[in-house]
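File shown here: protein29.txt, holding compact mmCIF, C-alpha atoms.
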```txt
# COMPACT_ATOMS: atom_id res chain seq x y z
CA MET A 1 30.38 -27.06 -4.31
CA GLU A 2 28.60 -26.39 -7.56
CA THR A 3 29.11 -23.08 -9.34
CA ASP A 4 26.23 -20.75 -10.13
CA ALA A 5 26.42 -21.69 -13.81
CA GLN A 6 26.20 -25.40 -12.99
CA LEU A 7 23.18 -24.79 -10.78
CA VAL A 8 21.54 -22.72 -13.50
CA ALA A 9 22.16 -25.50 -16.02
CA ARG A 10 20.60 -28.07 -13.68
CA ALA A 11 17.65 -25.76 -12.95
CA LEU A 12 17.11 -25.34 -16.70
CA ALA A 13 17.12 -29.13 -17.02
CA GLY A 14 14.20 -29.17 -14.58
CA SER A 15 15.87 -29.60 -11.19
CA GLN A 16 13.92 -27.75 -8.53
CA ASP A 17 16.64 -28.56 -5.99
CA ALA A 18 19.15 -26.64 -8.08
CA PHE A 19 16.93 -23.56 -8.21
CA ARG A 20 16.26 -23.90 -4.49
CA GLU A 21 20.02 -23.85 -3.90
CA LEU A 22 20.28 -20.69 -6.02
CA VAL A 23 17.55 -19.02 -3.98
CA LEU A 24 19.28 -19.97 -0.74
CA ARG A 25 22.55 -18.62 -2.11
CA PHE A 26 21.16 -15.23 -3.13
CA GLU A 27 18.13 -14.62 -0.90
CA ARG A 28 20.11 -12.52 1.57
CA PRO A 29 21.74 -10.06 -0.88
CA VAL A 30 18.56 -9.66 -2.91
CA TYR A 31 16.40 -9.15 0.18
CA SER A 32 19.00 -6.85 1.73
CA LEU A 33 18.92 -4.58 -1.34
CA ILE A 34 15.13 -4.51 -1.59
CA VAL A 35 14.47 -3.93 2.11
CA ARG A 36 16.70 -0.85 2.06
CA MET A 37 14.89 0.45 -0.99
CA VAL A 38 11.31 -0.02 0.22
CA GLN A 39 11.93 0.38 3.97
CA ASP A 40 9.47 -2.31 4.95
CA PRO A 41 10.48 -5.91 5.72
CA GLY A 42 7.13 -7.46 4.79
CA THR A 43 6.94 -5.72 1.41
CA ALA A 44 10.61 -6.45 0.80
CA GLU A 45 10.02 -10.17 1.30
CA ASP A 46 7.13 -10.15 -1.17
CA LEU A 47 9.23 -8.26 -3.72
CA ALA A 48 12.21 -10.57 -3.20
CA GLN A 49 9.90 -13.53 -3.79
CA GLU A 50 8.60 -11.87 -6.97
CA THR A 51 12.20 -11.29 -8.06
CA PHE A 52 13.12 -14.95 -7.76
CA VAL A 53 9.94 -16.09 -9.49
CA LYS A 54 10.71 -13.75 -12.40
CA ALA A 55 14.26 -15.11 -12.44
CA TYR A 56 12.94 -18.68 -12.52
CA ARG A 57 10.69 -17.89 -15.47
CA SER A 58 13.42 -16.02 -17.36
CA LEU A 59 16.28 -18.38 -16.54
CA ARG A 60 16.70 -19.33 -20.22
CA THR A 61 17.61 -15.73 -21.06
CA TYR A 62 20.40 -15.60 -18.47
CA ASP A 63 23.86 -15.30 -20.02
CA THR A 64 26.06 -17.62 -17.95
CA SER A 65 29.19 -15.65 -18.85
CA ARG A 66 27.96 -12.86 -16.56
CA LYS A 67 27.60 -12.82 -12.79
CA LEU A 68 24.33 -14.30 -11.59
CA SER A 69 24.18 -11.85 -8.69
CA SER A 70 24.22 -8.88 -11.11
CA TRP A 71 21.43 -10.44 -13.16
CA LEU A 72 19.33 -11.03 -10.04
CA PHE A 73 20.03 -7.50 -8.79
CA LYS A 74 18.79 -6.13 -12.13
CA ILE A 75 15.53 -8.05 -11.77
CA ALA A 76 15.25 -6.89 -8.15
CA HIS A 77 15.95 -3.31 -9.27
CA ASN A 78 13.11 -3.40 -11.84
CA THR A 79 10.73 -5.10 -9.41
CA THR A 80 11.47 -2.46 -6.78
CA ILE A 81 10.91 0.39 -9.25
CA ASP A 82 7.55 -1.15 -10.15
CA HIS A 83 6.62 -1.08 -6.48
CA LEU A 84 7.94 2.43 -5.82
CA ARG A 85 6.02 3.81 -8.80
CA ARG A 86 2.80 2.10 -7.78
CA HIS A 87 2.97 3.12 -4.15
CA VAL A 88 3.88 6.20 -2.20
CA PRO A 89 7.06 5.13 -0.40
CA ASP A 90 6.29 4.21 3.17
CA THR A 91 8.33 5.87 5.82
CA VAL A 92 8.15 3.10 8.37
CA SER A 93 9.29 4.04 11.80
CA LEU A 94 12.45 2.26 12.76
CA GLU A 95 10.80 1.52 16.08
CA ALA A 96 7.76 0.10 14.27
CA PRO A 97 5.80 -2.50 16.21
CA GLN A 98 5.70 -6.05 14.95
CA ASP A 99 3.14 -6.86 12.31
CA GLU A 100 0.75 -9.80 12.33
CA GLU A 101 3.48 -12.07 10.96
CA GLY A 102 5.79 -11.22 13.78
CA ARG A 103 8.11 -9.03 11.75
CA GLY A 104 9.14 -5.66 13.08
CA GLY A 105 10.89 -2.67 11.56
CA LEU A 106 14.44 -2.75 10.32
CA ALA A 107 15.82 -1.84 13.69
CA ALA A 108 14.08 -4.86 15.20
CA ILE A 109 15.84 -7.10 12.73
CA LEU A 110 19.15 -5.39 13.26
CA SER A 111 18.89 -5.58 17.01
CA ASP A 112 20.95 -8.64 17.80
CA THR A 113 20.23 -9.23 21.45
CA SER A 114 22.14 -12.51 21.48
CA VAL A 115 25.46 -10.72 21.73
CA GLU A 116 26.90 -11.59 25.12
CA ASP A 117 28.03 -8.11 26.21
CA PRO A 118 24.86 -6.04 26.88
CA ALA A 119 26.69 -2.71 26.49
CA ALA A 120 28.13 -3.74 23.15
CA ALA A 121 24.72 -5.04 22.08
CA ALA A 122 23.09 -1.74 23.00
CA GLU A 123 25.73 0.23 21.14
CA ARG A 124 25.49 -1.99 18.08
CA ARG A 125 21.72 -1.61 18.13
CA ASP A 126 21.93 2.17 18.40
CA MET A 127 24.46 2.39 15.63
CA ALA A 128 22.54 0.06 13.35
CA ARG A 129 19.39 2.07 13.95
CA SER A 130 21.17 5.33 13.20
CA LEU A 131 22.80 3.95 10.09
CA GLU A 132 19.52 2.54 8.79
CA ARG A 133 17.85 5.87 9.46
CA ALA A 134 20.62 7.68 7.61
CA ILE A 135 20.36 5.26 4.66
CA SER A 136 16.59 5.62 4.52
CA ARG A 137 16.94 9.38 4.10
CA LEU A 138 19.10 9.08 1.01
CA ARG A 139 17.66 9.44 -2.49
CA PRO A 140 16.68 5.99 -3.85
CA GLU A 141 19.52 5.88 -6.38
CA TYR A 142 22.07 6.79 -3.68
CA ARG A 143 20.56 4.19 -1.36
CA GLU A 144 20.81 1.50 -4.00
CA ALA A 145 24.42 2.37 -4.82
CA VAL A 146 25.39 2.34 -1.13
CA VAL A 147 23.82 -1.06 -0.49
CA LEU A 148 25.35 -2.60 -3.61
CA PHE A 149 28.82 -1.15 -3.07
CA TYR A 150 29.34 -1.21 0.68
CA LEU A 151 27.08 -4.07 1.70
CA GLU A 152 27.13 -6.44 -1.25
CA GLY A 153 30.66 -5.65 -2.40
CA ALA A 154 29.61 -4.88 -5.99
CA THR A 155 32.13 -3.12 -8.23
CA TYR A 156 31.42 0.21 -9.90
CA GLN A 157 30.86 -1.59 -13.21
CA GLU A 158 28.40 -4.02 -11.64
CA ILE A 159 26.44 -1.11 -10.16
CA CYS A 160 26.38 0.47 -13.64
CA ASP A 161 24.96 -2.79 -15.02
CA VAL A 162 22.34 -3.10 -12.31
CA THR A 163 21.16 0.50 -12.28
CA GLY A 164 21.69 1.40 -15.94
CA LEU A 165 23.60 4.53 -14.93
CA PRO A 166 26.92 5.67 -16.43
CA LEU A 167 30.13 5.06 -14.48
CA GLY A 168 30.65 8.73 -13.64
CA THR A 169 27.14 9.04 -12.23
CA VAL A 170 27.58 5.94 -10.09
CA LYS A 171 30.83 7.28 -8.65
CA THR A 172 29.27 10.67 -8.00
CA ASN A 173 26.22 9.08 -6.38
CA LEU A 174 28.40 6.99 -4.08
CA HIS A 175 30.54 9.95 -3.11
CA ARG A 176 27.53 12.17 -2.37
CA ALA A 177 25.77 9.35 -0.55
CA ARG A 178 28.77 8.81 1.70
CA LYS A 179 28.94 12.51 2.51
CA GLU A 180 25.21 12.63 3.25
CA LEU A 181 25.46 9.53 5.44
CA ALA A 182 28.33 11.05 7.40
CA ALA A 183 26.44 14.31 7.85
CA GLU A 184 23.36 12.42 9.00
CA MET A 185 25.34 10.25 11.43
CA SER A 186 27.03 13.35 12.85
CA ALA A 187 23.65 15.05 13.18
CA LEU A 188 22.39 12.01 15.06
CA GLY A 189 25.18 12.53 17.57
CA TRP A 190 27.79 10.02 16.42
CA GLY A 191 31.23 11.50 16.52
CA ALA A 192 34.87 10.81 17.27
CA GLU A 193 34.64 11.18 21.02
CA THR A 194 31.24 9.84 21.97
CA GLY A 195 30.48 6.15 22.16
CA SER A 196 26.87 6.51 21.16
CA PRO A 197 24.62 9.46 20.44
CA ALA A 198 23.54 11.58 23.32
CA GLY A 199 20.12 10.73 24.62
CA SER A 200 19.96 7.33 22.91
CA MET B 1 26.65 -17.06 18.01
CA THR B 2 30.05 -15.45 17.83
CA MET B 3 31.14 -12.64 20.11
CA ARG B 4 31.40 -9.31 18.46
CA GLY B 5 33.99 -6.75 19.49
CA PRO B 6 33.79 -2.99 19.31
CA GLU B 7 34.82 -2.94 15.60
CA PRO B 8 31.68 -1.23 14.25
CA HIS B 9 32.14 1.75 16.51
CA ASP B 10 35.88 1.96 15.74
CA ALA B 11 35.10 1.89 12.06
CA LEU B 12 32.43 4.56 12.51
CA THR B 13 34.87 6.83 14.33
CA ARG B 14 37.52 6.34 11.65
CA TRP B 15 34.99 6.93 8.90
CA LEU B 16 33.71 10.22 10.32
CA GLN B 17 37.28 11.31 11.05
CA ALA B 18 38.29 10.51 7.46
CA GLU B 19 35.32 12.49 6.15
CA ARG B 20 36.40 15.49 8.20
CA GLU B 21 39.92 15.18 6.81
CA MET B 22 38.63 14.78 3.22
CA ASP B 23 40.33 11.38 3.05
CA ASP B 24 38.13 9.58 0.50
CA ALA B 25 40.07 6.31 0.48
CA GLY B 26 40.13 6.13 4.27
CA ALA B 27 36.43 6.95 4.49
CA ASP B 28 35.58 4.29 1.93
CA SER B 29 37.53 1.54 3.65
CA ALA B 30 36.20 2.45 7.11
CA LEU B 31 32.63 2.53 5.85
CA LEU B 32 33.12 -0.84 4.13
CA GLU B 33 34.41 -2.25 7.39
CA MET B 34 31.48 -0.79 9.29
CA PHE B 35 28.93 -2.31 6.93
CA GLU B 36 30.71 -5.66 7.06
CA SER B 37 30.38 -5.82 10.81
CA LEU B 38 26.64 -5.14 10.80
CA PRO B 39 24.22 -8.07 10.96
CA ARG B 40 22.94 -9.14 7.54
CA LEU B 41 19.24 -8.94 6.86
CA ALA B 42 17.54 -12.09 5.64
CA PRO B 43 13.99 -13.05 4.71
CA SER B 44 12.02 -15.20 7.14
CA ALA B 45 12.48 -18.97 7.30
CA GLY B 46 11.04 -21.03 4.46
CA PHE B 47 11.56 -18.26 1.91
CA ALA B 48 13.07 -20.57 -0.72
CA ASP B 49 10.17 -23.01 -0.39
CA ARG B 50 7.66 -20.25 -0.88
CA VAL B 51 9.52 -19.07 -3.99
CA LEU B 52 9.50 -22.59 -5.45
CA LEU B 53 5.81 -22.97 -4.68
CA GLN B 54 4.98 -19.73 -6.44
CA ALA B 55 7.33 -20.45 -9.34
CA ALA B 56 5.73 -23.85 -9.89
CA ALA B 57 2.27 -22.31 -10.12
CA PRO B 58 1.18 -21.41 -13.67
CA ALA B 59 1.94 -17.81 -14.51
CA THR B 60 -1.14 -15.66 -14.51
CA VAL B 61 -1.03 -13.26 -17.40
CA PRO B 62 -2.93 -10.11 -16.51
CA VAL B 63 -5.76 -9.51 -18.95
CA PRO B 64 -5.59 -5.92 -20.17
CA ALA B 65 -8.72 -3.93 -19.51
CA GLN B 66 -10.77 -3.64 -22.71
CA SER B 67 -11.72 -0.20 -23.84
CA TRP B 68 -15.41 0.50 -24.52
CA LEU B 69 -14.55 1.00 -28.19
CA VAL B 70 -13.20 -2.56 -28.50
CA TRP B 71 -16.27 -3.87 -26.70
CA LEU B 72 -18.54 -1.88 -29.03
CA PHE B 73 -16.90 -3.15 -32.21
CA ARG B 74 -17.08 -6.73 -30.97
CA SER B 75 -20.84 -6.63 -30.36
CA PRO B 76 -22.84 -8.29 -33.25
CA GLY B 77 -25.64 -5.68 -33.07
CA PHE B 78 -23.26 -2.80 -33.66
CA ARG B 79 -21.58 -4.66 -36.53
CA LEU B 80 -24.97 -5.24 -38.17
CA ALA B 81 -25.97 -1.60 -37.75
CA LEU B 82 -22.63 -0.43 -39.15
CA THR B 83 -22.88 -2.71 -42.19
CA SER B 84 -26.46 -1.57 -42.85
CA GLY B 85 -25.38 2.07 -42.57
CA VAL B 86 -22.52 1.62 -45.04
CA LEU B 87 -24.81 -0.20 -47.49
CA ALA B 88 -27.45 2.51 -47.21
CA ALA B 89 -24.81 5.21 -47.83
CA CYS B 90 -23.56 3.33 -50.92
CA ILE B 91 -27.07 2.97 -52.34
CA SER B 92 -27.89 6.63 -51.65
CA MET B 93 -24.94 7.66 -53.82
CA PHE B 94 -27.09 6.94 -56.86
CA TRP B 95 -29.46 9.79 -55.86
CA LEU B 96 -26.73 12.21 -54.71
CA PRO B 97 -26.24 14.18 -57.98
CA ARG B 98 -30.01 14.75 -58.29
CA LEU B 99 -30.16 15.94 -54.64
CA VAL B 100 -27.35 18.45 -55.15
CA ILE B 101 -28.99 19.88 -58.27
CA THR B 102 -32.30 20.27 -56.39
CA LEU B 103 -30.64 22.06 -53.44
CA LEU B 104 -28.75 24.46 -55.75
CA GLY B 105 -32.00 25.24 -57.55
CA MET B 106 -33.64 26.28 -54.26
CA ALA B 107 -31.06 29.02 -53.50
CA THR B 108 -30.78 32.16 -55.63
CA MET B 109 -27.70 34.35 -56.11
CA ASN B 110 -29.31 37.02 -53.93
CA ASP B 111 -29.65 34.53 -51.03
CA LEU B 112 -25.97 33.63 -51.27
CA LEU B 113 -24.91 37.30 -51.26
CA GLU B 114 -27.06 38.03 -48.21
CA LEU B 115 -25.53 35.08 -46.38
CA GLY B 116 -21.99 36.29 -47.21
CA VAL B 117 -22.68 39.85 -46.00
CA ALA B 118 -24.30 38.62 -42.76
CA SER B 119 -21.25 36.44 -42.08
CA MET B 120 -18.86 39.35 -42.63
CA VAL B 121 -20.86 41.61 -40.28
CA GLY B 122 -20.90 38.91 -37.55
CA LEU B 123 -17.17 38.37 -37.91
CA SER B 124 -16.32 42.07 -37.71
CA GLN B 125 -18.47 42.38 -34.55
CA TRP B 126 -16.48 39.57 -32.91
CA VAL B 127 -13.16 41.17 -33.94
CA GLY B 128 -14.31 44.48 -32.44
CA LEU B 129 -15.16 42.80 -29.14
CA ALA B 130 -11.82 40.98 -29.03
CA SER B 131 -9.91 44.22 -29.69
CA ARG B 132 -11.77 45.98 -26.85
CA VAL B 133 -10.79 43.16 -24.44
CA GLY B 134 -7.20 43.35 -25.68
CA GLU B 135 -7.15 47.10 -25.16
CA TRP B 136 -8.40 46.71 -21.58
CA PHE B 137 -5.74 44.06 -20.94
CA LEU B 138 -3.01 46.36 -22.23
CA THR B 139 -4.29 49.17 -19.99
CA VAL B 140 -4.04 46.88 -16.94
CA LEU B 141 -0.55 45.78 -17.95
CA GLY B 142 0.49 49.42 -18.42
CA ALA B 143 -0.79 50.33 -14.96
CA LEU B 144 1.11 47.41 -13.47
CA ALA B 145 4.28 48.35 -15.31
CA VAL B 146 4.08 51.93 -14.02
CA SER B 147 3.68 50.72 -10.43
CA LEU B 148 6.63 48.33 -10.86
CA THR B 149 8.97 51.16 -11.73
CA SER B 150 9.03 52.22 -8.07
CA PRO B 151 12.02 50.65 -6.20
CA ALA B 152 9.83 49.18 -3.44
CA ALA B 153 7.57 47.32 -5.91
CA LEU B 154 10.62 46.16 -7.84
CA LYS B 155 12.14 44.69 -4.66
CA VAL B 156 8.91 42.90 -3.80
CA THR B 157 8.66 41.47 -7.31
CA VAL B 158 12.26 40.26 -7.30
CA GLY B 159 11.69 38.73 -3.84
CA CYS B 160 8.55 36.94 -5.02
CA LEU B 161 10.35 35.61 -8.09
CA ALA B 162 13.24 34.37 -5.95
CA ILE B 163 10.87 32.61 -3.53
CA SER B 164 9.00 31.04 -6.45
CA GLY B 165 12.26 29.85 -7.98
CA ILE B 166 13.50 28.30 -4.76
CA SER B 167 10.10 26.69 -4.13
CA PHE B 168 10.10 25.28 -7.64
CA VAL B 169 13.55 23.72 -7.20
CA PHE B 170 12.56 22.30 -3.80
CA LEU B 171 9.25 20.88 -5.02
CA ARG B 172 10.86 19.44 -8.14
CA GLU B 173 13.42 17.68 -5.95
CA LEU B 174 10.61 16.27 -3.78
CA MET B 175 8.61 15.12 -6.78
CA THR B 176 11.45 13.53 -8.72
CA ARG B 177 13.48 11.87 -5.96
CA ASP B 178 11.38 8.71 -5.97
CA ARG B 179 11.03 8.72 -9.75
CA SER B 180 14.72 9.01 -10.48
CA LEU B 181 15.34 5.28 -10.84
CA ARG B 182 15.14 3.85 -14.34
CA TYR B 183 14.38 0.36 -15.61
CA VAL B 184 17.19 -1.81 -16.92
CA ASP B 185 17.05 -4.65 -19.44
CA PHE B 186 18.15 -7.66 -17.43
CA ASN B 187 18.79 -9.70 -20.58
CA ARG B 188 21.61 -7.43 -21.70
```
Rewrite the coordinates I just gave you, this time as structure tokens.
Amino acid sequence: METDAQLVARALAGSQDAFRELVLRFERPVYSLIVRMVQDPGTAEDLAQETFVKAYRSLRTYDTSRKLSSWLFKIAHNTTIDHLRRHVPDTVSLEAPQDEEGRGGLAAILSDTSVEDPAAAAERRDMARSLERAISRLRPEYREAVVLFYLEGATYQEICDVTGLPLGTVKTNLHRARKELAAEMSALGWGAETGSPAGS
Amino acid sequence: MTMRGPEPHDALTRWLQAEREMDDAGADSALLEMFESLPRLAPSAGFADRVLLQAAAPATVPVPAQSWLVWLFRSPGFRLALTSGVLAACISMFWLPRLVITLLGMATMNDLLELGVASMVGLSQWVGLASRVGEWFLTVLGALAVSLTSPAALKVTVGCLAISGISFVFLRELMTRDRSLRYVDFNR
């Protein structure tokens, strides 16, 4: 399997297949970050596409000694800020109906109905919905730090690189975000004794 | 599709428990575990192809909107008028000294003195009006200050200030929360 640097080198030499492989390799993490930031799957897909196109056009400036994922996250971060500053952030309902392209809200994507045990599927769906709701209520910088750290496995230093924030601020943001998430999950009825929130 | 066990809920329980016990390390690891067990979001099928298609298309550089001033200076008519105006001004310089001498000859010393006195009178009238307005303003302020010395008015004022302060902090939070992200240089 080729490394990221090898794929970048081939893409720079003109190989579209190499860049395609890079997109396939990173489309999930990039999309995952953006969708949590903008709270709308359709917009997130457009922004993720814009991110990769920018990356393609700036590939010559990429320093191969650094992680490609961090570089892509930085571009995604800037692209998302552009969007957030141009638009009033949408607060899409997690139970949003499907749009004309057949894409629903985040909860619809998270609802994995193919799990064999219906009770487990229902619980997973409820929990995913609650967690997404809790994440969506965080400040954008907390949200970004949570997604990068807990979901994408980025280190503190990588989050500093991506967000341009000092290490202390990143750590504080993560700590506060975790506390806010826990408070929100508790408020939604998730606790030590109950399986799923009351009334869900 | 693989079967999934009850791990997410276990992790959730451990996470919330750890938060209650102020166990940061435990909370972090449980939350990591919980996120790991959630389904990953992905763009719709054919995403990579769409990216390649868009990347292959020539980049469209947005044309900045021209200001009316730029448009004006680019129009040949305006350039001609401007050049003619500058030329006319240059030529008229030859007659300027004679014009100044003529104008000075028209006014006598008496006229200049009258003009100076009239200006001083006008100015002093305006100063008088401004001082009357200022005096009225000070009277209102004095009346307000006297009424504020009563304990009830003082309490109301302090209450209003406190509410304003809290509202300001709350509104500032609302206004800045989506503006708090900053751009990064992705080439560094």
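Note that the spacing between CA of Leu181 (chain A) and CA of Asp10 (chain B) amounts to 16.5 Å.
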Problem - For chain A, the nearest of the candidates B:Ala11, B:Ala145, B:Leu41, B:Leu115, counting only C-alpha atoms - result: B:Leu41
Exercise for the section: Would you please work out which residue, of A:Ala134, A:Leu174, A:Val147, A:Thr43, is nearest to Ala187 (chain A) when using all atoms listed in the file? Expected result: A:Ala134
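Taking CA of Met120 (chain B) and CA of Val133 (chain B) as endpoints, the distance between them is 20.3 Å.
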Exercise for the section: For chain B, list the residues within 6 Å of chain A, counting all atoms listed in the file, and write the list as a ChimeraX atom specification. Expected result: /B:13,32,35,41-43,48,51,55,177,183-184,186
Handout entry: Distance in Å - CA of Pro118 (chain A) versus CA of His9 (chain B)
Key = 14.9 Å
Fill in the blank from the handout: Among B:Phe94, B:Leu161, B:Ala56, B:Ser167, Ser15 (chain A) is approached most closely, using only C-alpha atoms, by B:Ala56
Return region 121-139 of chain A, completed with N, CA and C atoms, as a PDB file, in the coordinates of the input.
```
ATOM      1  N   ALA A 121      25.972  -4.774  22.813  1.00  0.00           N
ATOM      2  CA  ALA A 121      24.720  -5.040  22.080  1.00  0.00           C
ATOM      3  C   ALA A 121      23.919  -3.754  21.929  1.00  0.00           C
ATOM      4  N   ALA A 122      23.861  -2.992  23.035  1.00  0.00           N
ATOM      5  CA  ALA A 122      23.090  -1.740  23.000  1.00  0.00           C
ATOM      6  C   ALA A 122      23.716  -0.765  22.011  1.00  0.00           C
ATOM      7  N   GLU A 123      25.051  -0.698  22.036  1.00  0.00           N
ATOM      8  CA  GLU A 123      25.730   0.230  21.140  1.00  0.00           C
ATOM      9  C   GLU A 123      25.556  -0.174  19.682  1.00  0.00           C
ATOM     10  N   ARG A 124      25.667  -1.480  19.450  1.00  0.00           N
ATOM     11  CA  ARG A 124      25.490  -1.990  18.080  1.00  0.00           C
ATOM     12  C   ARG A 124      24.071  -1.675  17.582  1.00  0.00           C
ATOM     13  N   ARG A 125      23.121  -1.851  18.495  1.00  0.00           N
ATOM     14  CA  ARG A 125      21.720  -1.610  18.130  1.00  0.00           C
ATOM     15  C   ARG A 125      21.501  -0.129  17.781  1.00  0.00           C
ATOM     16  N   ASP A 126      22.067   0.723  18.635  1.00  0.00           N
ATOM     17  CA  ASP A 126      21.930   2.170  18.400  1.00  0.00           C
ATOM     18  C   ASP A 126      22.570   2.569  17.077  1.00  0.00           C
ATOM     19  N   MET A 127      23.740   2.009  16.840  1.00  0.00           N
ATOM     20  CA  MET A 127      24.460   2.390  15.630  1.00  0.00           C
ATOM     21  C   MET A 127      23.735   1.877  14.387  1.00  0.00           C
ATOM     22  N   ALA A 128      23.272   0.638  14.484  1.00  0.00           N
ATOM     23  CA  ALA A 128      22.540   0.060  13.350  1.00  0.00           C
ATOM     24  C   ALA A 128      21.295   0.872  13.055  1.00  0.00           C
ATOM     25  N   ARG A 129      20.623   1.274  14.111  1.00  0.00           N
ATOM     26  CA  ARG A 129      19.390   2.070  13.950  1.00  0.00           C
ATOM     27  C   ARG A 129      19.717   3.410  13.291  1.00  0.00           C
ATOM     28  N   SER A 130      20.775   4.042  13.777  1.00  0.00           N
ATOM     29  CA  SER A 130      21.170   5.330  13.200  1.00  0.00           C
ATOM     30  C   SER A 130      21.568   5.189  11.744  1.00  0.00           C
ATOM     31  N   LEU A 131      22.332   4.147  11.464  1.00  0.00           N
ATOM     32  CA  LEU A 131      22.800   3.950  10.090  1.00  0.00           C
ATOM     33  C   LEU A 131      21.627   3.664   9.161  1.00  0.00           C
ATOM     34  N   GLU A 132      20.700   2.829   9.614  1.00  0.00           N
ATOM     35  CA  GLU A 132      19.520   2.540   8.790  1.00  0.00           C
ATOM     36  C   GLU A 132      18.701   3.801   8.560  1.00  0.00           C
ATOM     37  N   ARG A 133      18.605   4.620   9.593  1.00  0.00           N
ATOM     38  CA  ARG A 133      17.850   5.870   9.460  1.00  0.00           C
ATOM     39  C   ARG A 133      18.534   6.779   8.440  1.00  0.00           C
ATOM     40  N   ALA A 134      19.862   6.834   8.557  1.00  0.00           N
ATOM     41  CA  ALA A 134      20.620   7.680   7.610  1.00  0.00           C
ATOM     42  C   ALA A 134      20.454   7.154   6.181  1.00  0.00           C
ATOM     43  N   ILE A 135      20.512   5.844   6.007  1.00  0.00           N
ATOM     44  CA  ILE A 135      20.360   5.260   4.660  1.00  0.00           C
ATOM     45  C   ILE A 135      18.964   5.548   4.118  1.00  0.00           C
ATOM     46  N   SER A 136      17.967   5.437   4.988  1.00  0.00           N
ATOM     47  CA  SER A 136      16.590   5.620   4.520  1.00  0.00           C
ATOM     48  C   SER A 136      16.318   7.052   4.067  1.00  0.00           C
ATOM     49  N   ARG A 137      17.148   7.984   4.504  1.00  0.00           N
ATOM     50  CA  ARG A 137      16.940   9.380   4.100  1.00  0.00           C
ATOM     51  C   ARG A 137      17.639   9.739   2.804  1.00  0.00           C
ATOM     52  N   LEU A 138      18.410   8.817   2.280  1.00  0.00           N
ATOM     53  CA  LEU A 138      19.100   9.080   1.010  1.00  0.00           C
ATOM     54  C   LEU A 138      18.110   8.989  -0.140  1.00  0.00           C
ATOM     55  N   ARG A 139      18.460   9.614  -1.264  1.00  0.00           N
ATOM     56  CA  ARG A 139      17.660   9.440  -2.490  1.00  0.00           C
ATOM     57  C   ARG A 139      17.729   7.967  -2.871  1.00  0.00           C
TER      58      ARG A 139
END
```
